[in-house]
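Quick notes on the structure that follows.
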Amino acid sequence: MVSGKVKKAVIPAAGLGTRFLPATKSVPKELLPIVDRPTIEHIVDEVHQSGIETAIIISRRGKSAILDHFERDVDLENKLKKEGKFELARRLNEQSELITIVSVRQSVPLGLGQAVYTARSLVGDEPFAVLLGDDIFDSSLPATLQLIQVFEKFQKPVVALMTVESSDISKFGCAGGEFIEENILEINSIIEKPSVEEAPSNFAVVGRYVLTPTVFEILKDLPPGKGGEIQLTDALAKLIEQEGLLGYFVDGYRFDAGDQLGFLMANIHFGLKNEKLKDRLIAFLKDEIKSS
Ligand code: UTP
């Protein structure tokens, strides 16, 4: 039975980040800055702005710095205050004061499905959101809140979708189905990283989900799928049979900050939104484009 308010968000951040090596050898990709804030802060912001009270960060050995980032540093705060930098001192703690941030470790990176499964006892028996730790959305209504609204209206789990070039579909989970509203697909098939021939559509699953605890029961016995990993997509394929599954085309920009090009694009996007940087960044980009 699917019911209840979404009060918890799972943020899987235990991946190896191989697409961004060597940058991510010792620095977690979730801490790489998008202008002045690490990627993970953008995600935690979205959690808070979506009305969620608790963020459960899935971490792993070598990525403790993500959690350190949310811990108070009283010495640093005092130093900033002495220098009159009150706003900066306030910002350092803002997020951990707004929501509860807890963590659980994934001992072996056995895939996104297994990462989500490690949060089962912290989530308990209620619906929950999943926000991938390297996917950033910028939208007037937070992406997760958009999904929650669909979940509440239809009482079915829902994943975020984006249309991609057919040639790119093999980088994503791919969903096929029938439209029930302009932006909402009733999903009847979902496949992890299909070949162009296998793909039921060019609708890619991107890093936001609202799921029900049934997914934990499915993940418990799920065998490894593509790449030998426990795939969340495979669990969602089974969820279709039990509760149904919707796909929602999020209204907004999406950046894969765990990918080199996506990271650069996110920095340019947010740099152009920053009043202090905007004019000089535009001038620089114009010059660069002219001479490239
Ligand atoms: P990615 O596909 O981006 O994997 O995972 P990755 O390992 O982090 O990065 P690459 O592909 O090697 O560069 C999508 C999300 O799932 C998390 C990642 O941290 C990311 O947020 N993840 C993935 C886990 O938490 N555990 C895993 O075992 C795998």
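We label chains A, B, ... in the order they appear in the structure tokens, count residues from 1 in each chain, and number ligands from 1 in the order shown.
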
Exercise. Which residues, written as a VMD selection string, have at least one atom at most 12 Å from Lys5 in chain A, with only C-alpha atoms counted and residues fewer than 5 positions away on the same chain left out?
Worked result: chain A and resid 50 to 53 125 to 129 145 148 to 149 151 to 153 155 210 to 212

Exercise. Ser195 in chain A: which residues within 12 Å, counting only C-alpha atoms, same-chain residues fewer than 4 positions away excluded, as JSON, numbers by chain?
Worked result: {"A": [166, 167, 168, 169, 170, 171, 172, 173, 174, 191, 199, 200, 201, 202, 226]}

Kindly provide the residues of chain A that approach ligand 1 to within 10 Å, each paired with its closest atom pair and their distance in Å to one decimal, based on only C-alpha atoms and all ligand atoms, listed by chain and increasing number, as a Markdown table.
| residue | atom | partner | partner_atom_place_in_ligand_line | distance |
| --- | --- | --- | --- | --- |
| A:Val10 | CA | ligand 1 | 25 (O) | 9.8 |
| A:Ile11 | CA | ligand 1 | 21 (O) | 7.0 |
| A:Pro12 | CA | ligand 1 | 25 (O) | 3.9 |
| A:Ala13 | CA | ligand 1 | 19 (O) | 3.4 |
| A:Ala14 | CA | ligand 1 | 25 (O) | 3.5 |
| A:Gly15 | CA | ligand 1 | 8 (O) | 3.2 |
| A:Leu16 | CA | ligand 1 | 7 (O) | 3.9 |
| A:Gly17 | CA | ligand 1 | 9 (O) | 3.5 |
| A:Thr18 | CA | ligand 1 | 12 (O) | 3.6 |
| A:Arg19 | CA | ligand 1 | 13 (O) | 3.5 |
| A:Phe20 | CA | ligand 1 | 13 (O) | 5.8 |
| A:Leu21 | CA | ligand 1 | 13 (O) | 7.9 |
| A:Thr24 | CA | ligand 1 | 13 (O) | 8.9 |
| A:Pro28 | CA | ligand 1 | 19 (O) | 9.0 |
| A:Lys29 | CA | ligand 1 | 8 (O) | 8.0 |
| A:Glu30 | CA | ligand 1 | 19 (O) | 8.0 |
| A:Ile40 | CA | ligand 1 | 21 (O) | 9.8 |
| A:Ile57 | CA | ligand 1 | 25 (O) | 8.8 |
| A:Ile58 | CA | ligand 1 | 25 (O) | 5.9 |
| A:Ser59 | CA | ligand 1 | 25 (O) | 6.8 |
| A:Arg60 | CA | ligand 1 | 25 (O) | 8.1 |
| A:Arg105 | CA | ligand 1 | 25 (O) | 9.1 |
| A:Gln106 | CA | ligand 1 | 26 (N) | 7.0 |
| A:Ser107 | CA | ligand 1 | 28 (O) | 9.0 |
| A:Val108 | CA | ligand 1 | 28 (O) | 6.8 |
| A:Pro109 | CA | ligand 1 | 28 (O) | 3.3 |
| A:Leu110 | CA | ligand 1 | 28 (O) | 4.3 |
| A:Gly111 | CA | ligand 1 | 28 (O) | 3.3 |
| A:Leu112 | CA | ligand 1 | 29 (C) | 4.3 |
| A:Gly113 | CA | ligand 1 | 27 (C) | 7.6 |
| A:Gln114 | CA | ligand 1 | 28 (O) | 6.6 |
| A:Ala115 | CA | ligand 1 | 26 (N) | 4.8 |
| A:Val116 | CA | ligand 1 | 25 (O) | 7.4 |
| A:Thr118 | CA | ligand 1 | 25 (O) | 9.6 |
| A:Val130 | CA | ligand 1 | 21 (O) | 9.8 |
| A:Leu131 | CA | ligand 1 | 21 (O) | 7.8 |
| A:Leu132 | CA | ligand 1 | 21 (O) | 4.2 |
| A:Gly133 | CA | ligand 1 | 21 (O) | 3.9 |
| A:Asp134 | CA | ligand 1 | 21 (O) | 5.0 |
| A:Asp135 | CA | ligand 1 | 21 (O) | 7.2 |
| A:Lys171 | CA | ligand 1 | 2 (O) | 9.0 |
| A:Phe172 | CA | ligand 1 | 2 (O) | 8.8 |
| A:Val206 | CA | ligand 1 | 14 (C) | 9.5 |
| A:Gly207 | CA | ligand 1 | 14 (C) | 7.6 |
| A:Glu229 | CA | ligand 1 | 28 (O) | 7.4 |
| A:Ile230 | CA | ligand 1 | 28 (O) | 8.1 |
| A:Gln231 | CA | ligand 1 | 29 (C) | 8.9 |
| A:Leu232 | CA | ligand 1 | 16 (O) | 9.4 |
| A:Asp256 | CA | ligand 1 | 3 (O) | 8.3 |
| A:Ala257 | CA | ligand 1 | 3 (O) | 8.9 |
| A:Gly258 | CA | ligand 1 | 3 (O) | 6.0 |
| A:Asp259 | CA | ligand 1 | 13 (O) | 6.9 |
| A:Gln260 | CA | ligand 1 | 13 (O) | 9.4 |

Exercise. So which residues touch Val74 in chain A within 12 Å, counting only C-alpha atoms, skipping near sequence neighbours fewer than 3 positions away, as a ChimeraX atom specification?
Worked result: /A:71,77-81,89-90,92-93

Looking only at alpha helix (DSSP H) from DSSP on the backbone, list the matching residues of range 28-246 of chain A as a compact mmCIF listing (two decimals) with N, CA and C atoms, in the first residue's frame.
# COMPACT_ATOMS: atom_id res chain seq x y z
N THR A 39 28.69 20.35 -4.94
CA THR A 39 27.51 19.72 -5.54
C THR A 39 26.51 19.26 -4.48
N ILE A 40 27.01 18.62 -3.44
CA ILE A 40 26.11 18.04 -2.43
C ILE A 40 25.23 19.11 -1.77
N GLU A 41 25.73 20.36 -1.66
CA GLU A 41 24.90 21.41 -1.05
C GLU A 41 23.70 21.74 -1.94
N HIS A 42 23.91 21.70 -3.24
CA HIS A 42 22.77 21.96 -4.15
C HIS A 42 21.70 20.89 -3.92
N ILE A 43 22.15 19.66 -3.69
CA ILE A 43 21.21 18.55 -3.52
C ILE A 43 20.48 18.65 -2.18
N VAL A 44 21.25 18.97 -1.13
CA VAL A 44 20.63 19.11 0.19
C VAL A 44 19.64 20.29 0.19
N ASP A 45 19.98 21.34 -0.53
CA ASP A 45 19.05 22.47 -0.68
C ASP A 45 17.72 22.00 -1.27
N GLU A 46 17.83 21.19 -2.31
CA GLU A 46 16.61 20.69 -2.98
C GLU A 46 15.79 19.83 -2.01
N VAL A 47 16.48 19.04 -1.20
CA VAL A 47 15.79 18.22 -0.20
C VAL A 47 14.97 19.13 0.72
N HIS A 48 15.63 20.16 1.24
CA HIS A 48 14.95 21.07 2.18
C HIS A 48 13.80 21.81 1.50
N GLN A 49 14.08 22.32 0.29
CA GLN A 49 13.04 23.10 -0.40
C GLN A 49 11.87 22.23 -0.85
N ALA A 65 34.80 12.96 4.00
CA ALA A 65 34.83 14.42 3.89
C ALA A 65 33.45 14.99 3.57
N ILE A 66 32.59 14.19 2.94
CA ILE A 66 31.23 14.67 2.63
C ILE A 66 30.51 14.96 3.94
N LEU A 67 30.67 14.09 4.92
CA LEU A 67 29.98 14.27 6.20
C LEU A 67 30.65 15.36 7.02
N ASP A 68 31.99 15.43 6.93
CA ASP A 68 32.71 16.51 7.63
C ASP A 68 32.16 17.87 7.17
N VAL A 74 33.51 25.21 14.92
CA VAL A 74 33.31 26.39 15.77
C VAL A 74 34.49 27.34 15.67
N ASP A 75 35.71 26.82 15.59
CA ASP A 75 36.90 27.69 15.48
C ASP A 75 36.81 28.56 14.23
N LEU A 76 36.45 27.92 13.12
CA LEU A 76 36.35 28.66 11.86
C LEU A 76 35.24 29.72 11.95
N GLU A 77 34.11 29.32 12.54
CA GLU A 77 33.01 30.28 12.69
C GLU A 77 33.43 31.49 13.51
N ASN A 78 34.12 31.22 14.65
CA ASN A 78 34.54 32.32 15.52
C ASN A 78 35.51 33.25 14.81
N LYS A 79 36.40 32.65 14.03
CA LYS A 79 37.38 33.46 13.30
C LYS A 79 36.65 34.38 12.31
N LEU A 80 35.69 33.80 11.58
CA LEU A 80 34.94 34.59 10.59
C LEU A 80 34.17 35.72 11.27
N LYS A 81 33.57 35.39 12.43
CA LYS A 81 32.79 36.41 13.15
C LYS A 81 33.68 37.54 13.63
N LYS A 82 34.87 37.18 14.12
CA LYS A 82 35.82 38.21 14.58
C LYS A 82 36.19 39.15 13.44
N PHE A 86 29.89 37.78 9.17
CA PHE A 86 28.77 37.08 9.82
C PHE A 86 27.96 36.23 8.86
N GLU A 87 27.74 36.79 7.65
CA GLU A 87 26.92 36.07 6.67
C GLU A 87 27.58 34.75 6.26
N LEU A 88 28.89 34.80 6.05
CA LEU A 88 29.63 33.59 5.68
C LEU A 88 29.59 32.58 6.83
N ALA A 89 29.77 33.06 8.07
CA ALA A 89 29.72 32.17 9.24
C ALA A 89 28.35 31.50 9.34
N ARG A 90 27.31 32.25 9.05
CA ARG A 90 25.95 31.70 9.12
C ARG A 90 25.75 30.63 8.04
N ARG A 91 26.26 30.93 6.86
CA ARG A 91 26.08 30.00 5.74
C ARG A 91 26.75 28.65 5.96
N LEU A 92 27.84 28.67 6.73
CA LEU A 92 28.58 27.42 6.94
C LEU A 92 27.74 26.34 7.59
N ASN A 93 26.79 26.75 8.44
CA ASN A 93 25.97 25.78 9.19
C ASN A 93 24.54 25.69 8.74
N GLU A 94 24.20 26.54 7.80
CA GLU A 94 22.80 26.72 7.44
C GLU A 94 22.09 25.38 7.21
N GLN A 95 22.71 24.53 6.38
CA GLN A 95 21.99 23.33 5.95
C GLN A 95 21.79 22.34 7.08
N SER A 96 22.83 22.15 7.92
CA SER A 96 22.66 21.16 8.99
C SER A 96 21.68 21.65 10.05
N GLU A 97 21.41 22.97 10.06
CA GLU A 97 20.40 23.45 10.99
C GLU A 97 18.99 23.32 10.42
N LEU A 98 18.90 23.35 9.08
CA LEU A 98 17.57 23.29 8.46
C LEU A 98 17.01 21.88 8.40
N LEU A 112 23.92 1.11 -7.53
CA LEU A 112 22.95 2.06 -6.98
C LEU A 112 21.84 1.36 -6.20
N GLY A 113 21.38 0.21 -6.71
CA GLY A 113 20.31 -0.52 -6.01
C GLY A 113 20.76 -0.91 -4.62
N GLN A 114 21.97 -1.40 -4.52
CA GLN A 114 22.47 -1.81 -3.21
C GLN A 114 22.68 -0.61 -2.29
N ALA A 115 23.11 0.52 -2.89
CA ALA A 115 23.28 1.75 -2.10
C ALA A 115 21.95 2.16 -1.47
N VAL A 116 20.90 2.14 -2.27
CA VAL A 116 19.57 2.51 -1.75
C VAL A 116 19.14 1.51 -0.67
N TYR A 117 19.45 0.24 -0.89
CA TYR A 117 19.05 -0.81 0.07
C TYR A 117 19.68 -0.60 1.45
N ARG A 120 17.58 1.11 4.17
CA ARG A 120 16.24 0.58 4.48
C ARG A 120 15.80 0.81 5.93
N SER A 121 16.72 0.56 6.90
CA SER A 121 16.24 0.68 8.29
C SER A 121 16.09 2.14 8.69
N LEU A 122 16.85 3.02 8.07
CA LEU A 122 16.70 4.45 8.39
C LEU A 122 15.43 5.02 7.74
N VAL A 123 15.05 4.46 6.61
CA VAL A 123 13.83 4.95 5.94
C VAL A 123 12.60 4.40 6.63
N ALA A 143 12.92 19.95 -8.20
CA ALA A 143 12.60 18.74 -8.97
C ALA A 143 11.95 17.68 -8.08
N THR A 144 12.48 17.49 -6.88
CA THR A 144 11.92 16.46 -5.99
C THR A 144 10.49 16.82 -5.58
N LEU A 145 10.25 18.10 -5.37
CA LEU A 145 8.88 18.51 -5.02
C LEU A 145 7.93 18.25 -6.19
N GLN A 146 8.40 18.46 -7.42
CA GLN A 146 7.57 18.15 -8.59
C GLN A 146 7.19 16.67 -8.58
N LEU A 147 8.16 15.82 -8.26
CA LEU A 147 7.89 14.37 -8.23
C LEU A 147 6.94 14.01 -7.09
N ILE A 148 7.14 14.66 -5.94
CA ILE A 148 6.27 14.38 -4.79
C ILE A 148 4.81 14.73 -5.14
N GLN A 149 4.63 15.83 -5.86
CA GLN A 149 3.27 16.22 -6.23
C GLN A 149 2.62 15.16 -7.13
N VAL A 150 3.41 14.60 -8.03
CA VAL A 150 2.88 13.54 -8.90
C VAL A 150 2.57 12.29 -8.06
N PHE A 151 3.49 11.97 -7.15
CA PHE A 151 3.29 10.81 -6.27
C PHE A 151 2.00 10.97 -5.45
N GLU A 152 1.80 12.17 -4.91
CA GLU A 152 0.61 12.39 -4.06
C GLU A 152 -0.67 12.34 -4.88
N LYS A 153 -0.59 12.82 -6.11
CA LYS A 153 -1.80 12.84 -6.94
C LYS A 153 -2.19 11.42 -7.38
N PHE A 154 -1.18 10.62 -7.80
CA PHE A 154 -1.50 9.31 -8.39
C PHE A 154 -1.29 8.14 -7.44
N THR A 214 8.34 -0.90 -0.67
CA THR A 214 8.28 -2.17 -1.42
C THR A 214 9.58 -2.40 -2.18
N VAL A 215 10.22 -1.31 -2.58
CA VAL A 215 11.45 -1.45 -3.36
C VAL A 215 12.55 -2.13 -2.53
N PHE A 216 12.51 -1.97 -1.20
CA PHE A 216 13.51 -2.64 -0.34
C PHE A 216 13.29 -4.16 -0.37
N GLU A 217 12.02 -4.57 -0.33
CA GLU A 217 11.72 -6.02 -0.39
C GLU A 217 12.23 -6.60 -1.70
N ILE A 218 12.06 -5.83 -2.78
CA ILE A 218 12.52 -6.31 -4.09
C ILE A 218 14.04 -6.37 -4.12
N LEU A 219 14.69 -5.32 -3.61
CA LEU A 219 16.16 -5.24 -3.66
C LEU A 219 16.83 -6.34 -2.83
N LYS A 220 16.14 -6.75 -1.77
CA LYS A 220 16.69 -7.76 -0.85
C LYS A 220 17.17 -9.01 -1.60
N LEU A 232 19.22 -0.43 -9.48
CA LEU A 232 17.93 0.10 -9.04
C LEU A 232 16.90 -0.05 -10.16
N THR A 233 17.36 0.12 -11.40
CA THR A 233 16.45 -0.01 -12.55
C THR A 233 15.78 -1.38 -12.57
N ASP A 234 16.54 -2.44 -12.26
CA ASP A 234 15.97 -3.80 -12.27
C ASP A 234 14.88 -3.92 -11.18
N ALA A 235 15.14 -3.28 -10.04
CA ALA A 235 14.13 -3.30 -8.96
C ALA A 235 12.88 -2.54 -9.40
N LEU A 236 13.07 -1.45 -10.13
CA LEU A 236 11.92 -0.66 -10.59
C LEU A 236 11.10 -1.45 -11.61
N ALA A 237 11.78 -2.28 -12.40
CA ALA A 237 11.06 -3.12 -13.38
C ALA A 237 10.10 -4.05 -12.63
N LYS A 238 10.53 -4.56 -11.49
CA LYS A 238 9.65 -5.43 -10.70
C LYS A 238 8.57 -4.63 -9.97
N LEU A 239 8.92 -3.39 -9.61
CA LEU A 239 7.95 -2.53 -8.92
C LEU A 239 6.74 -2.23 -9.83
N ILE A 240 7.00 -2.16 -11.14
CA ILE A 240 5.91 -1.91 -12.10
C ILE A 240 4.79 -2.94 -11.89
N GLU A 241 5.23 -4.22 -11.72
CA GLU A 241 4.22 -5.30 -11.57
C GLU A 241 3.45 -5.17 -10.25
N GLN A 242 4.12 -4.67 -9.21
CA GLN A 242 3.48 -4.65 -7.88
C GLN A 242 2.66 -3.38 -7.62
N GLU A 243 3.22 -2.22 -7.99
CA GLU A 243 2.53 -0.97 -7.63
C GLU A 243 2.34 -0.02 -8.80

For this session: Go through range 21-252 of chain A and collect every residue that DSSP, computed from the backbone, puts in strand (DSSP E or B); the answer should be as a PyMOL selection string.
Result: chain A and resi 33-34+37-38+54-59+100-105+128-131+135-138+158-163+173-181+184-192+203-211+246-249

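Counting only C-alpha atoms and comparing A:Ile187, A:Ala55, A:Val159, A:Val6, the residue that lies closest to Ala119 in chain A is A:Ala55.
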
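Minimum atom-to-atom distance to Val196 in chain A, evaluated using only C-alpha atoms, belongs to A:Glu165 out of A:Glu165, A:Glu178, A:Asp138, A:Asn183.
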
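In this structure, CA of Gly176 in chain A sits 6.3 Å away from CA of Ile190 in chain A.
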
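Computed from the coordinates, the CA of Gly244 in chain A to CA of Ile136 in chain A distance equals 26.3 Å.
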
For this session: Determine, counting only C-alpha atoms, which protein, DNA and RNA residues have an atom within 12 Å of an atom of Ile282 in chain A; residues of the same chain fewer than 6 positions away are not included. Present the result as a PyMOL selection string.
Result: chain A and resi 268-269+271-276+288-289
